[in-house]
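Visitor: I am sharing target-v7.csv, which consists of CSV, C-alpha atoms:
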```
chain,number,residue,atom,x,y,z
X,201,MET,CA,-14.9,-31.7,17.9
X,202,ILE,CA,-13.6,-28.9,15.8
X,203,GLU,CA,-12.3,-25.9,17.7
X,204,PRO,CA,-13.2,-22.6,16.2
X,205,MET,CA,-10.3,-20.4,15.2
X,206,GLY,CA,-9.9,-17.0,16.5
X,207,GLU,CA,-10.3,-14.3,13.8
X,208,LYS,CA,-6.6,-13.4,13.8
X,209,ASP,CA,-5.7,-17.1,13.3
X,210,ASN,CA,-8.2,-17.7,10.5
X,211,PRO,CA,-6.3,-17.6,7.1
X,212,LEU,CA,-9.5,-17.0,5.2
X,213,ARG,CA,-11.0,-14.1,7.2
X,214,LEU,CA,-14.3,-14.2,5.4
X,215,SER,CA,-15.7,-10.7,4.9
X,216,GLY,CA,-19.4,-11.4,4.9
X,217,TRP,CA,-19.8,-10.5,1.2
X,218,VAL,CA,-21.9,-13.2,-0.4
X,219,GLN,CA,-22.8,-13.6,-4.1
X,220,PHE,CA,-25.0,-16.4,-5.4
X,221,TYR,CA,-24.5,-17.1,-9.1
X,222,HIS,CA,-27.6,-18.3,-11.1
X,223,HIS,CA,-27.1,-19.4,-14.7
X,224,VAL,CA,-29.9,-18.1,-17.0
X,225,ARG,CA,-30.5,-18.1,-20.8
X,226,ASP,CA,-31.4,-14.4,-21.0
X,227,VAL,CA,-30.0,-12.1,-18.3
X,228,ASP,CA,-32.3,-9.1,-19.1
X,229,ARG,CA,-35.4,-11.3,-19.0
X,230,ALA,CA,-34.4,-12.9,-15.7
X,231,LYS,CA,-33.4,-9.5,-14.2
X,232,ARG,CA,-36.8,-8.1,-15.0
X,233,TRP,CA,-38.6,-11.2,-13.6
X,234,TYR,CA,-36.6,-11.3,-10.3
X,235,ALA,CA,-37.1,-7.5,-9.9
X,236,ASP,CA,-40.8,-7.5,-10.8
X,237,VAL,CA,-42.0,-10.8,-9.3
X,238,ILE,CA,-39.6,-11.3,-6.4
X,239,GLY,CA,-38.9,-7.6,-5.7
X,240,MET,CA,-35.1,-7.7,-5.8
X,241,GLU,CA,-33.4,-4.4,-6.6
X,242,PRO,CA,-31.0,-4.4,-9.6
X,243,SER,CA,-27.6,-3.3,-8.4
X,244,HIS,CA,-25.3,-3.3,-11.4
X,245,GLU,CA,-24.2,-5.1,-14.5
X,246,ALA,CA,-20.9,-6.4,-15.7
X,247,GLU,CA,-19.3,-8.3,-18.5
X,248,HIS,CA,-16.4,-10.7,-18.0
X,249,GLY,CA,-14.8,-12.6,-20.9
X,250,GLY,CA,-17.9,-11.9,-23.0
X,251,VAL,CA,-20.2,-13.2,-20.3
X,252,LYS,CA,-23.0,-10.8,-19.3
X,253,LEU,CA,-23.9,-10.6,-15.6
X,254,ALA,CA,-26.6,-8.7,-13.7
X,255,PHE,CA,-26.4,-8.3,-9.9
X,256,LEU,CA,-29.5,-7.8,-7.8
X,257,ARG,CA,-29.7,-7.0,-4.1
X,258,ILE,CA,-31.7,-9.5,-2.1
X,259,SER,CA,-32.3,-7.3,0.9
X,260,ASP,CA,-31.9,-3.6,1.8
X,261,SER,CA,-30.8,-4.6,5.2
X,262,ARG,CA,-28.0,-6.8,3.9
X,263,PRO,CA,-26.5,-4.9,0.9
X,264,ASN,CA,-23.5,-7.3,1.0
X,265,VAL,CA,-25.6,-10.2,-0.2
X,266,GLU,CA,-26.2,-10.3,-4.0
X,267,PHE,CA,-27.9,-12.5,-6.5
X,268,ALA,CA,-25.9,-12.7,-9.7
X,269,LEU,CA,-27.5,-13.7,-12.9
X,270,VAL,CA,-25.0,-15.1,-15.4
X,271,GLN,CA,-25.8,-15.4,-19.1
X,272,SER,CA,-25.1,-19.1,-19.8
X,273,ASP,CA,-26.2,-22.2,-21.6
X,274,LYS,CA,-25.5,-24.2,-18.5
X,275,GLU,CA,-28.5,-25.8,-16.8
X,276,ASN,CA,-29.1,-25.2,-13.1
X,277,PRO,CA,-29.9,-28.5,-11.5
X,278,LYS,CA,-33.7,-28.3,-11.3
X,279,THR,CA,-34.1,-31.3,-9.2
X,280,HIS,CA,-32.0,-30.1,-6.2
X,281,ALA,CA,-31.1,-26.5,-6.6
X,282,VAL,CA,-34.0,-24.5,-5.2
X,283,LEU,CA,-34.0,-20.8,-4.5
X,284,ASP,CA,-35.6,-20.2,-1.1
X,285,PHE,CA,-36.3,-16.7,0.3
X,286,ARG,CA,-37.9,-15.8,3.6
X,287,VAL,CA,-40.7,-13.2,3.5
X,288,ASP,CA,-42.5,-11.4,6.4
X,289,ASP,CA,-46.0,-11.8,5.0
X,290,LEU,CA,-46.6,-14.9,2.8
X,291,GLU,CA,-50.2,-14.1,2.0
X,292,ALA,CA,-49.3,-10.6,0.7
X,293,ALA,CA,-46.3,-12.0,-1.2
X,294,ARG,CA,-48.4,-14.7,-2.8
X,295,ALA,CA,-51.2,-12.2,-3.8
X,296,ARG,CA,-48.6,-9.8,-5.3
X,297,ILE,CA,-47.1,-12.6,-7.4
X,298,ALA,CA,-50.5,-14.0,-8.5
X,299,ALA,CA,-51.6,-10.5,-9.5
X,300,LYS,CA,-48.7,-10.3,-11.9
X,301,GLY,CA,-50.0,-13.4,-13.7
X,302,VAL,CA,-47.3,-15.7,-12.4
X,303,GLU,CA,-48.5,-19.2,-11.4
X,304,VAL,CA,-47.9,-19.7,-7.7
X,305,SER,CA,-48.9,-22.7,-5.5
X,306,ASP,CA,-51.3,-22.5,-2.7
X,307,ILE,CA,-49.8,-21.8,0.7
X,308,ARG,CA,-48.6,-25.0,2.3
X,309,ARG,CA,-47.9,-25.7,5.9
X,310,VAL,CA,-44.7,-27.6,5.5
X,311,THR,CA,-43.6,-28.0,9.2
X,312,GLU,CA,-44.9,-26.8,12.5
X,313,THR,CA,-42.9,-23.6,12.0
X,314,ARG,CA,-42.8,-23.1,8.3
X,315,ARG,CA,-45.3,-22.2,5.5
X,316,ASP,CA,-44.3,-21.7,1.9
X,317,VAL,CA,-45.4,-21.3,-1.7
X,318,GLU,CA,-43.6,-22.4,-4.9
X,319,LEU,CA,-43.3,-20.7,-8.3
X,320,ILE,CA,-41.0,-21.3,-11.3
X,321,ASP,CA,-38.6,-18.8,-12.7
X,322,PRO,CA,-38.3,-18.1,-16.5
X,323,ASP,CA,-35.5,-20.8,-16.8
X,324,GLY,CA,-37.6,-23.5,-15.0
X,325,VAL,CA,-35.9,-23.3,-11.6
X,326,PRO,CA,-38.1,-23.7,-8.6
X,327,VAL,CA,-38.3,-20.7,-6.3
X,328,LEU,CA,-39.8,-21.0,-2.8
X,329,LEU,CA,-41.0,-18.1,-0.6
X,330,HIS,CA,-41.5,-19.1,3.0
X,331,GLU,CA,-42.4,-17.6,6.4
X,332,ARG,CA,-41.8,-18.8,9.9
X,333,VAL,CA,-44.8,-19.4,12.1
X,334,GLU,CA,-45.1,-19.9,15.8
X,335,VAL,CA,-45.3,-23.5,16.9
X,336,GLY,CA,-49.0,-24.5,17.3
X,337,ALA,CA,-50.2,-21.1,16.0
X,338,ALA,CA,-53.0,-20.6,13.6
X,339,GLU,CA,-52.1,-20.5,9.9
X,340,ALA,CA,-52.0,-16.7,9.7
X,341,LYS,CA,-49.7,-15.9,12.7
X,342,PRO,CA,-46.2,-15.3,11.3
X,343,ARG,CA,-43.1,-15.4,13.4
X,344,PRO,CA,-40.7,-12.5,13.1
X,345,ALA,CA,-38.3,-13.2,10.3
X,346,ASP,CA,-35.0,-12.1,11.9
X,347,LYS,CA,-35.5,-13.9,15.3
X,348,GLU,CA,-33.7,-17.1,14.4
X,349,ARG,CA,-32.5,-19.0,11.4
X,350,GLU,CA,-34.2,-22.1,10.5
X,351,PRO,CA,-32.2,-25.1,9.3
X,352,VAL,CA,-32.4,-25.9,5.6
```
As structure tokens, please, write out the structure in this file.

Guide:
Amino acid sequence: MIEPMGEKDNPLRLSGWVQFYHHVRDVDRAKRWYADVIGMEPSHEAEHGGVKLAFLRISDSRPNVEFALVQSDKENPKTHAVLDFRVDDLEAARARIAAKGVEVSDIRRVTETRRDVELIDPDGVPVLLHERVEVGAAEAKPRPADKEREPV
């Protein structure tokens, strides 16, 4: 069994700041899509070594978690890299996305405690939106999103 280190003994001392980098062909197009379709708030832009980046906040309640779009010709692995975001109201999220003309799957009951929908971003990467539901509950009874983390 691995014994946890005390914070003062941890040489890394992680700060809690998290950035997820996502390679895209067109940063501006991807930034508009993630802001308009998913509802992320653009934070700032940067350029490093001629590479354009755009940062978006995933949640107002967690400003230290950012989604970074990187202008690149690299391919994100579409077979196993899936973006998965929890929402509070899956029906409303699906309706909002469909109203924007984006193809989105029907709501699927994936497990006893999870429902989700799938859509594809402009670079062909799958994006899941999911909500937690109470065990044994009817399809439309969501579980509060912050109560517990579900394993991936």

Visitor: Would you kindly return, as a PyMOL selection string, each protein, DNA or RNA residue with an atom no farther than 12 Å from any atom of Arg262 of chain X, considering only C-alpha atoms and excluding same-chain residues fewer than 3 positions away?

Guide: chain X and resi 216-219+256-259+265-267+346

Visitor: For a quick check of understanding, using all atoms listed in the file, which of X:Asp260, X:Glu312, X:Glu275, X:Glu331 has the smallest distance to Glu291 of chain X?

Guide: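 Checking each of X:Asp260, X:Glu312, X:Glu275, X:Glu331 against Glu291 of chain X, counting all atoms listed in the file, the winner is X:Glu331.
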
Visitor: Within 7 Å of Ser272 of chain X, counting only C-alpha atoms, which residues show up once you throw out same-chain ones fewer than 6 positions away? Write them as a list in words, please.

Guide: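 In the requested format, the answer is His223, Val224 and Arg225 of chain X.
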
Visitor: With a distance cut-off of 7 Å and only C-alpha atoms, select the neighbouring residues of His222 of chain X, excluding the residue or stretch itself and same-chain residues fewer than 3 positions from it, and output the selection as a list in words.

Guide: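 Using only C-alpha atoms, the neighbours found are Ala268, Leu269 and Val270 of chain X.
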
Visitor: With distances taken over all atoms listed in the file, which of X:Ala254, X:Leu328, X:Ala235, X:Met240 is nearest to Val310 of chain X?

Guide: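 Among the listed residues, X:Leu328 lies closest to Val310 of chain X.
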
Visitor: Tell me, in Å to one decimal, how far atom CA of Val317 of chain X is from atom CA of Asp228 of chain X.

Guide: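 For atom CA of Val317 of chain X relative to atom CA of Asp228 of chain X, the distance reads 25.0 Å.
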
Visitor: Find, counting all atoms listed in the file, the residue in X:Ala293, X:Val282, X:Val304, X:Ala298 that gets nearest to Glu318 of chain X.

Guide: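 Under the stated criterion, the closest residue is X:Val304.
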
Visitor: Please define a box with edges along x, y and z of the file around all atoms of segment 315-321 of chain X given in the file, extend it by 3 Å on each side, and return its centre and edge lengths in Å to one decimal, as JSON.

Guide:
```
{"center_x": -42.0, "center_y": -20.6, "center_z": -3.6, "size_x": 12.8, "size_y": 9.6, "size_z": 24.2}
```

Visitor: Go through X:Asp273, X:Asp289, X:Glu303, X:Glu334 and flag the residue nearest Asp226 of chain X, using all atoms listed in the file for the distances.

Guide: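 Using all atoms listed in the file, Asp226 of chain X sits closest to X:Asp273.
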
Visitor: Work out how far apart atom CA of Leu253 of chain X and atom CA of Asp288 of chain X are and give it in Å to one decimal.

Guide: 28.8 Å

Visitor: Kindly give the distance, in Å, that separates atom CA of Pro263 of chain X and atom CA of Ile307 of chain X, rounded to a single decimal.

Guide: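 Taking atom CA of Pro263 of chain X as the start and atom CA of Ile307 of chain X as the end point, the length is 28.8 Å.
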
Visitor: Please provide the set of residues having any atom within 9 Å of Lys300 of chain X, restricted to all atoms listed in the file, with same-chain residues fewer than 5 positions apart removed, written as a list of chain:residue names.

Guide: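 That gives X:Asp236, X:Val237, X:Ala295.
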
Visitor: Could you write out that same residue set with C-alpha atoms as a short mmCIF file (atom, residue, chain, number, x, y, z; two decimals), in the frame of the given file?

Guide:
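Result written to again.cif:
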```cif
data_model
loop_
_atom_site.label_atom_id
_atom_site.label_comp_id
_atom_site.auth_asym_id
_atom_site.auth_seq_id
_atom_site.Cartn_x
_atom_site.Cartn_y
_atom_site.Cartn_z
CA ASP X 236 -40.80 -7.50 -10.80
CA VAL X 237 -42.00 -10.80 -9.30
CA ALA X 295 -51.20 -12.20 -3.80
#
```

Visitor: Pick from X:Leu283, X:Val333, X:Thr311, X:Asp323: nearest to Lys231 of chain X, with only C-alpha atoms counted?

Guide: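 The closest residue to Lys231 of chain X is X:Asp323.
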
Visitor: List every protein, DNA or RNA residue with an atom no more than 6 Å from (-40.3, -17.0, 5.2) in the file's coordinates, counting all atoms listed in the file, and format the result as a list in words.

Guide: Arg286, Val287, Leu329, His330, Glu331 and Arg332 of chain X

Visitor: Of the candidates X:Glu247, X:Arg229, X:Tyr234, X:Tyr221, which one gets nearest to Phe285 of chain X if we count all atoms listed in the file?

Guide: X:Tyr234
